[in-house]
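**Student:** Below you'll find the structure I mean.
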Amino acid sequence: MPLAEIPLCVWRKRGQTFVFRGQAIRYWTAGQGEPLLLIHGFPTASWDWHYLWQPLAQRYRVIACDMLGFGDSAKPVNHQYSLLEQTDLQQALLKHLNIEQPVHLLAHDYGDSVAQELLARHHEARVNIASCVFLNGGLFPETHRPVLMQKLLLSPLGWMIGRAFTGMAW
């Protein structure tokens, strides 16, 4: 059975916004059932999940956001972006949605690191995680080999490359 594509223009219309530390964050929800938080990779956005969105929504309450600095969410200039802040954002989204039951995580790439921090917070009883699946990420920093685009985004030219991607449709 082929997976149904959600066109980007439709995806954007279905999004909602909440404010995290004074910044507008775009998020999406669908379906019923146990909550499943989808955490996107770098340098993309939650639209990465659009092929899986409808099949997953048949079983779960799927939740995804564009992390701070990504996709349709705010991109504050001269901001010190951090993995811990992105994790705080995921927890704030769950709180905004009044999710109190254990959450399943499905994470990709950069999202794997955010999910790892959520798992650490689960161990500290700060969030309740039911399960976690990692896709294509650098779980072991000492063995991670960034791709060329990631290296360029981290270089002094990164701001120009990031600006070029801001208007692009993923």
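As shown in the structure tokens, the chain order sets the letters A, B, ...; within each chain, residues go from 1, and ligands are also counted from 1 in the order they appear.
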Determine which residues of chain A DSSP labels as strand (DSSP E) from the backbone of this structure, then write them out as JSON, numbers by chain.
**Tutor:** {"A": [16, 17, 18, 19, 20, 23, 24, 25, 26, 27, 28, 29, 30, 35, 36, 37, 38, 39, 61, 62, 63, 64, 65, 103, 104, 105, 106, 107, 108, 129, 130, 131, 132, 133, 134, 135]}
**Student:** Report as a PyMOL selection string all protein, DNA and RNA residues lying within 10 Å of Asp109 of chain A, evaluated on only C-alpha atoms, omitting residues in the same chain fewer than 3 positions from it.
**Tutor:** chain A and resi 39-44+112-114+134-139
**Student:** Counting only C-alpha atoms, figure out which residue out of A:Leu83, A:Ala115, A:Val127, A:Ile63 gets nearest to Gln101 of chain A.
**Tutor:** A:Val127
**Student:** Select, from A:Tyr60, A:Arg126, A:Tyr51, A:Pro7, the residue with the minimum atom-to-atom distance to Gln32 of chain A, counting only C-alpha atoms.
**Tutor:**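 For Gln32 of chain A, the nearest of the given residues is A:Tyr60.
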**Student:** Atom CA of Ala107 of chain A and atom CA of Gly33 of chain A, how far apart in Å?
**Tutor:** 18.9 Å
**Student:** Name the residues in contact with Gln86 of chain A at a cut-off of 12 Å, using only C-alpha atoms, excluding same-chain residues fewer than 5 positions from it; report them as a ChimeraX atom specification.
**Tutor:** /A:20-21,25,39-41,65-70,80-81,91-93,110-118
**Student:** Could you give me, as JSON lines, a per-residue list for segment 34-77 of chain A showing, wherever an atom lies at most 10 Å from an atom of segment 10-18 of chain A, the closest pair of atoms and their distance in Å to one decimal, using only C-alpha atoms and sorting by chain then residue number from low to high?
**Tutor:**
{"residue": "A:Ser46", "atom": "CA", "partner": "A:Trp11", "partner_atom": "CA", "distance": 9.5}
{"residue": "A:Trp47", "atom": "CA", "partner": "A:Trp11", "partner_atom": "CA", "distance": 7.2}
{"residue": "A:His50", "atom": "CA", "partner": "A:Trp11", "partner_atom": "CA", "distance": 7.9}
{"residue": "A:Ala64", "atom": "CA", "partner": "A:Gly15", "partner_atom": "CA", "distance": 9.7}
{"residue": "A:Cys65", "atom": "CA", "partner": "A:Gly15", "partner_atom": "CA", "distance": 8.8}
{"residue": "A:Asp66", "atom": "CA", "partner": "A:Gly15", "partner_atom": "CA", "distance": 9.9}
{"residue": "A:Gly71", "atom": "CA", "partner": "A:Arg12", "partner_atom": "CA", "distance": 9.9}
{"residue": "A:Asp72", "atom": "CA", "partner": "A:Arg12", "partner_atom": "CA", "distance": 8.0}
{"residue": "A:Ser73", "atom": "CA", "partner": "A:Thr17", "partner_atom": "CA", "distance": 8.5}
**Student:** Given only C-alpha atoms as the basis, pick out the residue of A:Leu157, A:Leu105, A:Cys9, A:Ala164 nearest to Ala130 of chain A.
**Tutor:**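 The answer is A:Leu105, which sits nearest to Ala130 of chain A.
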**Student:** Using only C-alpha atoms, pick whichever of A:Gly22, A:Pro102, A:Pro76, A:Pro156 has the shortest atom-to-atom distance to Pro35 of chain A.
**Tutor:**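 Once distances to Pro35 of chain A are computed over only C-alpha atoms, the minimum belongs to A:Pro102.
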**Student:** Residues of segment 16-98 of chain A in alpha helix (DSSP H) according to DSSP, as a VMD selection string?
**Tutor:** chain A and resid 50 to 57 83 to 96
**Student:** Might you pull out every residue within 9 Å of Gly31 of chain A, with only C-alpha atoms counted and same-chain residues fewer than 5 positions away left off, and present them as a list in words?
**Tutor:**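 These residues fall inside the cut-off: Gln54, Leu56, Ala57, Gln58, Arg59, Tyr60, Arg61 and Val62 of chain A.
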**Student:** Please save C-alpha atoms of the selected residues as a compact mmCIF listing (two decimals), in the first residue's frame.
**Tutor:**
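Done, and the output landed in selection-v6.txt:
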# COMPACT_ATOMS: atom_id res chain seq x y z
CA GLN A 54 -1.85 9.41 8.38
CA LEU A 56 0.42 6.62 12.48
CA ALA A 57 -2.66 8.75 13.27
CA GLN A 58 -4.84 5.67 12.77
CA ARG A 59 -3.35 4.18 15.94
CA TYR A 60 -1.79 7.03 17.92
CA ARG A 61 -2.34 10.65 18.81
CA VAL A 62 0.59 11.92 16.75
**Student:** Between A:Leu152, A:Val133, A:Leu52, A:Leu89, which residue has the minimum interatomic distance to Ile6 of chain A, considering only C-alpha atoms?
**Tutor:**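 With only C-alpha atoms as the atom set, the closest residue is A:Leu52.
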**Student:** Closest to Thr87 of chain A among A:Leu37, A:Ala24, A:Ser131, A:Ala74, using only C-alpha atoms?
**Tutor:**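 Result for the nearest residue to Thr87 of chain A: A:Leu37.
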